[in-house]
Amino acid sequence: MKQTATTMSAHRFGYTFSPIGMIALAVILFWAFVAAFAPHLVPYSPGKIVDTDFFGPISSKFWLGSDYLGRDMLSRIIMGARYTLGVSLAGVLIATTSGVVLGMAAAVIGGWFDTLLSRFMDAMLSIPSKLFGLVVVAAVGSSLPALILTLAFIYTPGSFRFARALAVNVNTMDFVAVARIRGESTLYLVCAEILPNIIRPVLADFGIRFVFIVLLLSGLSFLGLGVQPPLADWGALVHENIQSLSYASAAVIAPSLAIASLTISVNLLIDNLPRKIRDRSA
Amino acid sequence: MTNLVEIRNLHVEATTDAGRRIEIIKGVDLDIAKGEIVALIGESGSGKTTIALSLMGYARRGCEITKGSLLVDGKDMARLSEKQRQQVRGTEVAYVPQSAAAAFNPSATIIDQVFEVTRIHKLMPPAQARLRAIELFRALSLPDAENIGNRYPHQVSGGQLQRLAAAMALIGDPKLMIFDEPTTALDVTTQIDVLKAFKSVMQQGGIAGVYVSHDLAVVAQIADRIVVLKDGEVQETGTTQDILQAPKHPYTRELLAAFEPRHFEFSGRKEAAATPLLRIEDVTSGYGQIQADGLPLIRAVRSVSFELEKGRNLGIIGESGCGKSTLARTISGMLPASAGRVLFDGQEMPPASKNRTRDQLQHMQIVFQSADTALNPAKPIEDILGRPLTFYHGMSAQDRSKRVDELLDMVHLPRNLRYRHPAELSGGQKQRVNFARALAAEPKLIICDEITSALDTVVATAIIELLKELQRELDLSYIFISHDLSVVEAICDEIVVMYHGEKVEQLTREGIKAPKHPYSKLLFSSVPKLDPAWLDNLVLEPELVRQYVG
């Protein structure tokens, strides 16, 4: 089922896809599928203590062993996929949308609007992301919406810079000048003239930014600032079970591998995107 | 006596982005005798540069010499190893590129780069090379030959840099020089000096040359023989005289016809209308910070005034940097005028386009030089043409579709082109779409900013014909901006000559033969003519040249 999905999408665009890109896409689709249908896939309730032992070994009953309380690790990773993917996706969507919209607006409107916004974004870029996360958690506590907004806030400036740089190039083209002296509104210029010419690199950037957010979220959760118990994303799972490192249990390795497989796959997919999609900017 | 260059059955293949192989040179034969200058002429994509480069055993990225022999002084450039080729390049065959500005390293002095060839090939000690370079500078009639080499590339003018590039090629004492459109990017008044210098050094040294150009008039001045190319094949070969006087091939005739003085019917209508269509009064505009007197720091246009009556055409002519494009941008409101008034149809227009009403914008359209950047690459042609229809006329989808067909008919493009994207059109087709978009607004005035400059001669002529035809049908007026006098002459009733941001003279069609202002005289007499003796007989007043040629 995974295989058919990849070949189909490769064919539909009419591009040749490298094998590495296909594998990466398959891994991403696998995790997306897991996250979407998590409640139907879990063998045990993720919050329930089912094993008599803590840090139980891999067995036919518990495929990935059990965690520090004796809960089924596989079920917790499957449910964790929801939080990792869901929070990251929401965060990256908000970050790139606002970044790209503001970036294009800055490029088209120019003048003091551009200067003000650019300097503000530069200032934001100078704040260390983990430190900022710490401050937010200390101020408002950690809830899912607060987490999503924090992640989005941290990654908006990067997206803004990227989109603005691309849009400034397109903005100097004569077709934009023609539209402008036709009397078109800024909204039309941004949506119809600029966006279609920068959308491909923006989508590639979207993927990279998603990886950054997954890693930051996992990092925050590992520090205990991210998703709070009893819920747990992959980073939180690593955090909970860090003691098991000395027992060689799967409880800490498995979520780490999950994070690695997702982020590496997204990176590989973008690197192996057909040239036509990745490099076209104008 | 054997020929210096003998090309036999040359084939060059290129690999496209899609991995398809296409033949771009299809079996070309070419001979060049010692000391002879042969011109390769043809439109873009005809393979003229590819052939010239192959004489150095070089094929551009993605291209490959697949068949044939390329004998240069008895050596087959196609068979030599890369190392052997390196020995030949610079010492036996040398190259003068189109853009000298891009060929010089901006961070080293000129003379260091000029005698680099002697260092690479260990031809002579640096001190001697320096003297040789200065000798060449003098031969190329560069000013201050002793010291000009110590300057950096940005400290000399474009025409001087092009001559310095020639010095760079000449220092290795080559037997064959390849000139790749060396004067195309220069203004006509600078072109003359460069051509004269090239001609005299080639004659003195008895050096053979290949001169690649699309401009027949330039080639006529310098070449002994002309080879006419089209689609990678030789169409016609002959001495310069023969080609100019008795062209045999239809394509050659077409090229020559583009130089004929064209007999257009001029509307000649001069309605005694009370108000002119466009009237600009003392317009000043420019760039940079606004100074205390309310004018910008760099004034690209200074106090220009003119009038244009309905149904008539006005040409604005001048060399690069004279402010003609800035004037177009000022009239259209892209760059608001700092002073002066723009009156359109008797109505005063706000300086900035964003303050003009939709009605005012609709009746004045502008068409840009580069159709590549003027059409949104992400949209199909029907969307590009459809937008002004929706925007100005609020047409429904059905009306719009019908009108797009009509517009394509008007500019003589096939209707099924509407589904294509700009990248899938040729340069001439793009310029027609560009023009159709302006027509879609149903304007009274179209400002054409160098619209034929990027096109081949034959294609440009067709565009001008189209403009005239549409004028008769649609009652349009044009402002036609160009650096090319022949284009302006072909279409305009009146001509404004600009120099350094100022209008120096306004001429009628009849008055064009006898300009009064010294700069107009210089400019008009600098336009190359098909007559091969033109350059040798040309005498420009040195006083004039000193005053106006930078």
# chains A, B, ... in the order shown; residues from 1 in each chain; ligands from 1
$ interface_residues --of "chain A" --to "chain B" --cutoff "12 Å" --atoms "only C-alpha atoms" --output "JSON, numbers by chain"
{"A": [15, 16, 169, 170, 171, 172, 173, 174, 175, 176, 177, 178, 179, 180, 181, 182, 183, 184, 185, 186, 188, 189, 191, 192, 193, 194, 195, 196, 197, 198, 199, 200, 275, 276, 280, 281, 282]}
$ write_last_selection --atoms "N, CA and C atoms" --output "mmCIF file, in the first residue's frame"
data_model
loop_
_atom_site.group_PDB
_atom_site.id
_atom_site.type_symbol
_atom_site.label_atom_id
_atom_site.label_comp_id
_atom_site.auth_asym_id
_atom_site.auth_seq_id
_atom_site.Cartn_x
_atom_site.Cartn_y
_atom_site.Cartn_z
ATOM 1 N N TYR A 15 7.568 13.249 -13.251
ATOM 2 C CA TYR A 15 9.000 13.447 -13.037
ATOM 3 C C TYR A 15 9.630 12.117 -12.685
ATOM 4 N N THR A 16 10.916 12.003 -12.951
ATOM 5 C CA THR A 16 11.599 10.817 -12.484
ATOM 6 C C THR A 16 12.108 11.098 -11.076
ATOM 7 N N ASN A 169 13.219 39.486 -5.716
ATOM 8 C CA ASN A 169 13.679 39.220 -7.080
ATOM 9 C C ASN A 169 12.544 39.255 -8.081
ATOM 10 N N VAL A 170 11.436 38.617 -7.732
ATOM 11 C CA VAL A 170 10.308 38.575 -8.659
ATOM 12 C C VAL A 170 9.705 39.981 -8.806
ATOM 13 N N ASN A 171 9.710 40.721 -7.712
ATOM 14 C CA ASN A 171 9.076 42.048 -7.696
ATOM 15 C C ASN A 171 9.714 43.013 -8.690
ATOM 16 N N THR A 172 10.994 42.806 -9.028
ATOM 17 C CA THR A 172 11.648 43.731 -9.958
ATOM 18 C C THR A 172 11.351 43.384 -11.414
ATOM 19 N N MET A 173 10.664 42.275 -11.628
ATOM 20 C CA MET A 173 10.364 41.867 -13.008
ATOM 21 C C MET A 173 9.363 42.822 -13.638
ATOM 22 N N ASP A 174 9.461 42.926 -14.959
ATOM 23 C CA ASP A 174 8.580 43.851 -15.662
ATOM 24 C C ASP A 174 7.103 43.476 -15.560
ATOM 25 N N PHE A 175 6.811 42.182 -15.456
ATOM 26 C CA PHE A 175 5.389 41.831 -15.417
ATOM 27 C C PHE A 175 4.717 42.340 -14.149
ATOM 28 N N VAL A 176 5.494 42.485 -13.095
ATOM 29 C CA VAL A 176 4.932 43.068 -11.872
ATOM 30 C C VAL A 176 4.706 44.568 -12.079
ATOM 31 N N ALA A 177 5.665 45.206 -12.761
ATOM 32 C CA ALA A 177 5.514 46.634 -13.074
ATOM 33 C C ALA A 177 4.279 46.855 -13.932
ATOM 34 N N VAL A 178 4.068 45.970 -14.904
ATOM 35 C CA VAL A 178 2.895 46.089 -15.778
ATOM 36 C C VAL A 178 1.617 45.990 -14.952
ATOM 37 N N ALA A 179 1.572 44.996 -14.062
ATOM 38 C CA ALA A 179 0.382 44.821 -13.224
ATOM 39 C C ALA A 179 0.176 46.037 -12.333
ATOM 40 N N ARG A 180 1.275 46.588 -11.850
ATOM 41 C CA ARG A 180 1.174 47.717 -10.936
ATOM 42 C C ARG A 180 0.612 48.943 -11.647
ATOM 43 N N ILE A 181 1.100 49.218 -12.863
ATOM 44 C CA ILE A 181 0.552 50.391 -13.558
ATOM 45 C C ILE A 181 -0.773 50.085 -14.232
ATOM 46 N N ARG A 182 -1.199 48.828 -14.186
ATOM 47 C CA ARG A 182 -2.562 48.536 -14.597
ATOM 48 C C ARG A 182 -3.514 49.007 -13.493
ATOM 49 N N GLY A 183 -2.960 49.159 -12.278
ATOM 50 C CA GLY A 183 -3.772 49.629 -11.157
ATOM 51 C C GLY A 183 -4.176 48.520 -10.209
ATOM 52 N N GLU A 184 -3.504 47.371 -10.307
ATOM 53 C CA GLU A 184 -3.875 46.234 -9.461
ATOM 54 C C GLU A 184 -3.565 46.513 -7.983
ATOM 55 N N SER A 185 -4.349 45.858 -7.114
ATOM 56 C CA SER A 185 -4.131 46.014 -5.676
ATOM 57 C C SER A 185 -2.930 45.182 -5.223
ATOM 58 N N THR A 186 -2.429 45.520 -4.039
ATOM 59 C CA THR A 186 -1.306 44.768 -3.480
ATOM 60 C C THR A 186 -1.663 43.296 -3.316
ATOM 61 N N TYR A 188 -3.638 41.468 -5.131
ATOM 62 C CA TYR A 188 -3.542 40.776 -6.414
ATOM 63 C C TYR A 188 -2.080 40.545 -6.796
ATOM 64 N N LEU A 189 -1.259 41.573 -6.603
ATOM 65 C CA LEU A 189 0.161 41.443 -6.951
ATOM 66 C C LEU A 189 0.779 40.270 -6.207
ATOM 67 N N CYS A 191 -0.757 37.653 -4.638
ATOM 68 C CA CYS A 191 -1.340 36.328 -4.890
ATOM 69 C C CYS A 191 -1.128 35.851 -6.323
ATOM 70 N N ALA A 192 -1.315 36.730 -7.296
ATOM 71 C CA ALA A 192 -1.337 36.275 -8.682
ATOM 72 C C ALA A 192 0.003 36.426 -9.380
ATOM 73 N N GLU A 193 0.775 37.426 -9.008
ATOM 74 C CA GLU A 193 2.018 37.644 -9.743
ATOM 75 C C GLU A 193 3.231 37.076 -9.015
ATOM 76 N N ILE A 194 3.290 37.261 -7.694
ATOM 77 C CA ILE A 194 4.492 36.848 -6.966
ATOM 78 C C ILE A 194 4.415 35.377 -6.546
ATOM 79 N N LEU A 195 3.345 35.018 -5.833
ATOM 80 C CA LEU A 195 3.274 33.689 -5.215
ATOM 81 C C LEU A 195 3.522 32.533 -6.196
ATOM 82 N N PRO A 196 2.862 32.515 -7.375
ATOM 83 C CA PRO A 196 3.086 31.365 -8.264
ATOM 84 C C PRO A 196 4.547 31.205 -8.675
ATOM 85 N N ASN A 197 5.319 32.291 -8.605
ATOM 86 C CA ASN A 197 6.705 32.215 -9.034
ATOM 87 C C ASN A 197 7.678 31.871 -7.914
ATOM 88 N N ILE A 198 7.185 31.839 -6.672
ATOM 89 C CA ILE A 198 8.108 31.462 -5.590
ATOM 90 C C ILE A 198 7.624 30.213 -4.855
ATOM 91 N N ILE A 199 6.490 29.648 -5.276
ATOM 92 C CA ILE A 199 5.857 28.599 -4.474
ATOM 93 C C ILE A 199 6.715 27.346 -4.351
ATOM 94 N N ARG A 200 7.450 26.987 -5.389
ATOM 95 C CA ARG A 200 8.223 25.732 -5.325
ATOM 96 C C ARG A 200 9.347 25.796 -4.294
ATOM 97 N N ARG A 275 14.714 17.955 -9.803
ATOM 98 C CA ARG A 275 15.283 19.278 -10.008
ATOM 99 C C ARG A 275 14.220 20.306 -10.373
ATOM 100 N N LYS A 276 13.303 19.872 -11.238
ATOM 101 C CA LYS A 276 12.269 20.757 -11.763
ATOM 102 C C LYS A 276 11.446 21.384 -10.644
ATOM 103 N N ARG A 280 13.130 25.518 -9.308
ATOM 104 C CA ARG A 280 12.463 26.569 -10.083
ATOM 105 C C ARG A 280 11.999 27.673 -9.169
ATOM 106 N N SER A 281 12.497 28.856 -9.416
ATOM 107 C CA SER A 281 12.068 29.957 -8.573
ATOM 108 C C SER A 281 11.469 31.085 -9.371
ATOM 109 N N ALA A 282 11.662 31.103 -10.668
ATOM 110 C CA ALA A 282 11.067 32.180 -11.453
ATOM 111 C C ALA A 282 10.632 31.669 -12.810
#
$ select_by_dssp --residues "stretch 50-250 of chain B" --states "strand (DSSP E or B)" --output "ChimeraX atom specification"
/B:63-72,75-76,89,93-96,176-180,208-213,225-230,233-239
$ select_by_dssp --residues "stretch 72-301 of chain B" --states "alpha helix (DSSP H)" --output "PyMOL selection string"
chain B and resi 82-88+100-103+110-114+116-120+126-139+145-148+158-170+188-205+216-222+240-245+250-257
$ residues_around --residues "B:Gln429" --least-positions-apart "3" --cutoff "12 Å" --atoms "only C-alpha atoms" --output "list in words"
Ala371, Asp372, Leu375, Ile381, Leu408, Val411, His412, Leu413, Pro414, Leu417, Arg418, Arg420, His421, Pro422, Ala423, Glu424, Leu425, Ser426, Arg432, Val433, Asn434, Phe435, Ala436, Thr452, Leu455, Val459, Ala460, Ala462 and Ile463 of chain B
$ write_last_selection --atoms "N, CA and C atoms" --output "tab-separated table (two decimals), in the first residue's frame"
chain	number	residue	atom	x	y	z
B	371	ALA	N	10.60	40.97	-23.34
B	371	ALA	CA	9.37	40.20	-23.20
B	371	ALA	C	9.57	39.02	-22.25
B	372	ASP	N	10.83	38.63	-22.05
B	372	ASP	CA	11.11	37.52	-21.13
B	372	ASP	C	10.65	37.84	-19.72
B	375	LEU	N	6.38	38.98	-19.11
B	375	LEU	CA	5.27	38.04	-19.04
B	375	LEU	C	5.50	37.11	-17.85
B	381	ILE	N	-0.80	31.98	-21.56
B	381	ILE	CA	-1.04	33.21	-22.31
B	381	ILE	C	-2.47	33.73	-22.13
B	408	LEU	N	-5.25	37.61	-30.22
B	408	LEU	CA	-4.21	36.79	-30.84
B	408	LEU	C	-4.25	36.95	-32.35
B	411	VAL	N	-2.53	40.27	-33.41
B	411	VAL	CA	-1.06	40.30	-33.43
B	411	VAL	C	-0.50	39.14	-34.27
B	412	HIS	N	-1.37	38.53	-35.07
B	412	HIS	CA	-0.97	37.46	-35.98
B	412	HIS	C	-0.31	36.29	-35.26
B	413	LEU	N	-0.94	35.83	-34.22
B	413	LEU	CA	-0.46	34.62	-33.56
B	413	LEU	C	-1.55	33.56	-33.67
B	414	PRO	N	-1.17	32.29	-33.80
B	414	PRO	CA	-2.19	31.23	-33.86
B	414	PRO	C	-2.99	31.17	-32.55
B	417	LEU	N	-2.13	29.13	-29.27
B	417	LEU	CA	-1.03	29.58	-28.42
B	417	LEU	C	-1.51	29.97	-27.02
B	418	ARG	N	-2.80	30.20	-26.90
B	418	ARG	CA	-3.33	30.68	-25.62
B	418	ARG	C	-3.11	29.71	-24.48
B	420	ARG	N	-0.40	27.96	-24.01
B	420	ARG	CA	1.01	27.80	-23.69
B	420	ARG	C	1.46	28.77	-22.62
B	421	HIS	N	2.62	28.45	-22.03
B	421	HIS	CA	3.26	29.36	-21.08
B	421	HIS	C	4.32	30.17	-21.83
B	422	PRO	N	4.71	31.34	-21.30
B	422	PRO	CA	5.66	32.19	-22.02
B	422	PRO	C	6.95	31.46	-22.41
B	423	ALA	N	7.42	30.54	-21.55
B	423	ALA	CA	8.69	29.87	-21.86
B	423	ALA	C	8.60	29.04	-23.14
B	424	GLU	N	7.37	28.74	-23.57
B	424	GLU	CA	7.21	27.90	-24.76
B	424	GLU	C	7.06	28.72	-26.04
B	425	LEU	N	7.32	30.04	-25.94
B	425	LEU	CA	7.21	30.89	-27.12
B	425	LEU	C	8.58	31.41	-27.53
B	426	SER	N	8.70	31.79	-28.80
B	426	SER	CA	9.95	32.41	-29.26
B	426	SER	C	9.97	33.88	-28.85
B	432	ARG	N	4.93	39.82	-29.22
B	432	ARG	CA	3.57	40.02	-29.75
B	432	ARG	C	2.53	39.87	-28.63
B	433	VAL	N	2.74	38.86	-27.78
B	433	VAL	CA	1.81	38.69	-26.65
B	433	VAL	C	1.88	39.91	-25.73
B	434	ASN	N	3.10	40.36	-25.51
B	434	ASN	CA	3.35	41.54	-24.69
B	434	ASN	C	2.55	42.73	-25.23
B	435	PHE	N	2.55	42.84	-26.54
B	435	PHE	CA	1.86	43.94	-27.20
B	435	PHE	C	0.35	43.72	-27.16
B	436	ALA	N	-0.07	42.47	-27.31
B	436	ALA	CA	-1.51	42.17	-27.26
B	436	ALA	C	-2.08	42.50	-25.89
B	452	THR	N	11.92	46.48	-29.85
B	452	THR	CA	12.51	45.64	-30.89
B	452	THR	C	13.99	45.38	-30.65
B	455	LEU	N	15.33	41.79	-30.42
B	455	LEU	CA	14.88	40.87	-31.47
B	455	LEU	C	15.82	40.90	-32.68
B	459	VAL	N	12.76	39.75	-37.51
B	459	VAL	CA	11.62	39.68	-36.59
B	459	VAL	C	11.20	41.09	-36.17
B	460	ALA	N	12.18	41.94	-35.93
B	460	ALA	CA	11.89	43.32	-35.51
B	460	ALA	C	11.12	44.06	-36.60
B	462	ALA	N	9.12	42.79	-38.75
B	462	ALA	CA	7.75	42.30	-38.75
B	462	ALA	C	6.93	42.95	-37.64
B	463	ILE	N	7.56	43.15	-36.48
B	463	ILE	CA	6.86	43.78	-35.35
B	463	ILE	C	6.48	45.22	-35.71
$ atom_distance --atom1 "atom CA of B:Glu382" --atom2 "atom CA of B:Gly394"
15.5 Å
$ residues_around --residues "A:Val252" --least-positions-apart "2" --cutoff "12 Å" --atoms "only C-alpha atoms" --output "ChimeraX atom specification"
/A:55-57,64-68,73-74,76-77,222,234-250,254-259
$ residues_around --residues "A:Ile148" --least-positions-apart "2" --cutoff "6 Å" --atoms "only C-alpha atoms" --output "list in words"
Val87, Gly91, Pro145, Ala146, Thr150 and Leu151 of chain A
$ closest_residue --among "B:Glu181, B:Glu543, B:Asp345, B:Asp399" --to "B:Pro443" --atoms "only C-alpha atoms"
B:Asp345
$ closest_residue --among "B:Asp224, B:Glu469, B:Glu23, B:Glu92" --to "B:Pro532" --atoms "only C-alpha atoms"
B:Asp224
$ closest_residue --among "B:Asp536, B:Glu116, B:Glu541, B:Glu502" --to "B:Ala197" --atoms "only C-alpha atoms"
B:Asp536
$ decode --residues "stretch 294-364 of chain B" --atoms "C-alpha atoms" --output "PDB file, in the first residue's frame"
ATOM      1  CA  GLY B 294      12.586  69.346  -4.043  1.00  0.00           C
ATOM      2  CA  LEU B 295      14.401  67.524  -6.851  1.00  0.00           C
ATOM      3  CA  PRO B 296      16.108  64.134  -6.589  1.00  0.00           C
ATOM      4  CA  LEU B 297      19.889  63.779  -6.284  1.00  0.00           C
ATOM      5  CA  ILE B 298      20.401  62.171  -9.689  1.00  0.00           C
ATOM      6  CA  ARG B 299      18.220  63.834 -12.304  1.00  0.00           C
ATOM      7  CA  ALA B 300      17.863  61.399 -15.154  1.00  0.00           C
ATOM      8  CA  VAL B 301      15.327  63.595 -16.968  1.00  0.00           C
ATOM      9  CA  ARG B 302      15.651  67.367 -16.854  1.00  0.00           C
ATOM     10  CA  SER B 303      12.920  69.779 -17.915  1.00  0.00           C
ATOM     11  CA  VAL B 304      11.660  67.856 -20.907  1.00  0.00           C
ATOM     12  CA  SER B 305       8.565  69.103 -22.730  1.00  0.00           C
ATOM     13  CA  PHE B 306       6.779  67.862 -25.822  1.00  0.00           C
ATOM     14  CA  GLU B 307       3.370  67.348 -27.330  1.00  0.00           C
ATOM     15  CA  LEU B 308       1.884  64.402 -29.124  1.00  0.00           C
ATOM     16  CA  GLU B 309      -1.203  64.734 -31.253  1.00  0.00           C
ATOM     17  CA  LYS B 310      -3.771  62.010 -31.615  1.00  0.00           C
ATOM     18  CA  GLY B 311      -3.013  59.375 -34.227  1.00  0.00           C
ATOM     19  CA  ARG B 312       0.596  60.436 -34.567  1.00  0.00           C
ATOM     20  CA  ASN B 313       3.777  58.830 -33.324  1.00  0.00           C
ATOM     21  CA  LEU B 314       6.644  60.296 -31.407  1.00  0.00           C
ATOM     22  CA  GLY B 315      10.087  58.739 -31.303  1.00  0.00           C
ATOM     23  CA  ILE B 316      12.512  59.314 -28.468  1.00  0.00           C
ATOM     24  CA  ILE B 317      16.066  58.511 -29.385  1.00  0.00           C
ATOM     25  CA  GLY B 318      19.334  58.636 -27.510  1.00  0.00           C
ATOM     26  CA  GLU B 319      22.182  56.505 -26.274  1.00  0.00           C
ATOM     27  CA  SER B 320      22.352  54.475 -23.094  1.00  0.00           C
ATOM     28  CA  GLY B 321      22.009  56.630 -20.010  1.00  0.00           C
ATOM     29  CA  CYS B 322      20.345  59.552 -21.793  1.00  0.00           C
ATOM     30  CA  GLY B 323      17.173  59.200 -19.719  1.00  0.00           C
ATOM     31  CA  LYS B 324      14.808  57.950 -22.395  1.00  0.00           C
ATOM     32  CA  SER B 325      13.548  54.967 -20.408  1.00  0.00           C
ATOM     33  CA  THR B 326      13.263  57.079 -17.275  1.00  0.00           C
ATOM     34  CA  LEU B 327      11.106  59.488 -19.260  1.00  0.00           C
ATOM     35  CA  ALA B 328       8.819  56.594 -20.241  1.00  0.00           C
ATOM     36  CA  ARG B 329       8.575  55.491 -16.625  1.00  0.00           C
ATOM     37  CA  THR B 330       7.800  59.053 -15.591  1.00  0.00           C
ATOM     38  CA  ILE B 331       5.016  59.507 -18.129  1.00  0.00           C
ATOM     39  CA  SER B 332       3.455  56.197 -17.114  1.00  0.00           C
ATOM     40  CA  GLY B 333       3.709  57.124 -13.439  1.00  0.00           C
ATOM     41  CA  MET B 334       5.941  54.257 -12.350  1.00  0.00           C
ATOM     42  CA  LEU B 335       8.463  56.877 -11.329  1.00  0.00           C
ATOM     43  CA  PRO B 336       6.568  59.991 -10.205  1.00  0.00           C
ATOM     44  CA  ALA B 337       7.843  63.211 -11.753  1.00  0.00           C
ATOM     45  CA  SER B 338       9.539  65.543  -9.268  1.00  0.00           C
ATOM     46  CA  ALA B 339       8.540  68.613 -11.216  1.00  0.00           C
ATOM     47  CA  GLY B 340       6.495  69.473 -14.272  1.00  0.00           C
ATOM     48  CA  ARG B 341       3.106  68.339 -15.497  1.00  0.00           C
ATOM     49  CA  VAL B 342       1.831  65.435 -17.549  1.00  0.00           C
ATOM     50  CA  LEU B 343      -1.417  66.179 -19.392  1.00  0.00           C
ATOM     51  CA  PHE B 344      -3.226  63.335 -21.067  1.00  0.00           C
ATOM     52  CA  ASP B 345      -6.258  64.088 -23.218  1.00  0.00           C
ATOM     53  CA  GLY B 346      -6.286  67.589 -21.781  1.00  0.00           C
ATOM     54  CA  GLN B 347      -6.460  66.294 -18.242  1.00  0.00           C
ATOM     55  CA  GLU B 348      -3.658  66.712 -15.745  1.00  0.00           C
ATOM     56  CA  MET B 349      -2.466  63.342 -14.462  1.00  0.00           C
ATOM     57  CA  PRO B 350      -1.288  62.779 -10.908  1.00  0.00           C
ATOM     58  CA  PRO B 351       2.469  62.066 -10.997  1.00  0.00           C
ATOM     59  CA  ALA B 352       2.277  58.613  -9.387  1.00  0.00           C
ATOM     60  CA  SER B 353       0.400  55.802 -11.088  1.00  0.00           C
ATOM     61  CA  LYS B 354      -1.183  54.724  -7.807  1.00  0.00           C
ATOM     62  CA  ASN B 355      -3.032  58.047  -7.634  1.00  0.00           C
ATOM     63  CA  ARG B 356      -4.355  57.837 -11.173  1.00  0.00           C
ATOM     64  CA  THR B 357      -7.850  56.591 -11.845  1.00  0.00           C
ATOM     65  CA  ARG B 358      -8.447  53.287 -13.526  1.00  0.00           C
ATOM     66  CA  ASP B 359      -9.697  55.161 -16.572  1.00  0.00           C
ATOM     67  CA  GLN B 360      -6.512  57.182 -16.881  1.00  0.00           C
ATOM     68  CA  LEU B 361      -4.374  54.075 -16.502  1.00  0.00           C
ATOM     69  CA  GLN B 362      -6.377  52.157 -19.064  1.00  0.00           C
ATOM     70  CA  HIS B 363      -5.849  54.637 -21.882  1.00  0.00           C
ATOM     71  CA  MET B 364      -2.095  54.768 -21.530  1.00  0.00           C
TER      72      MET B 364
END
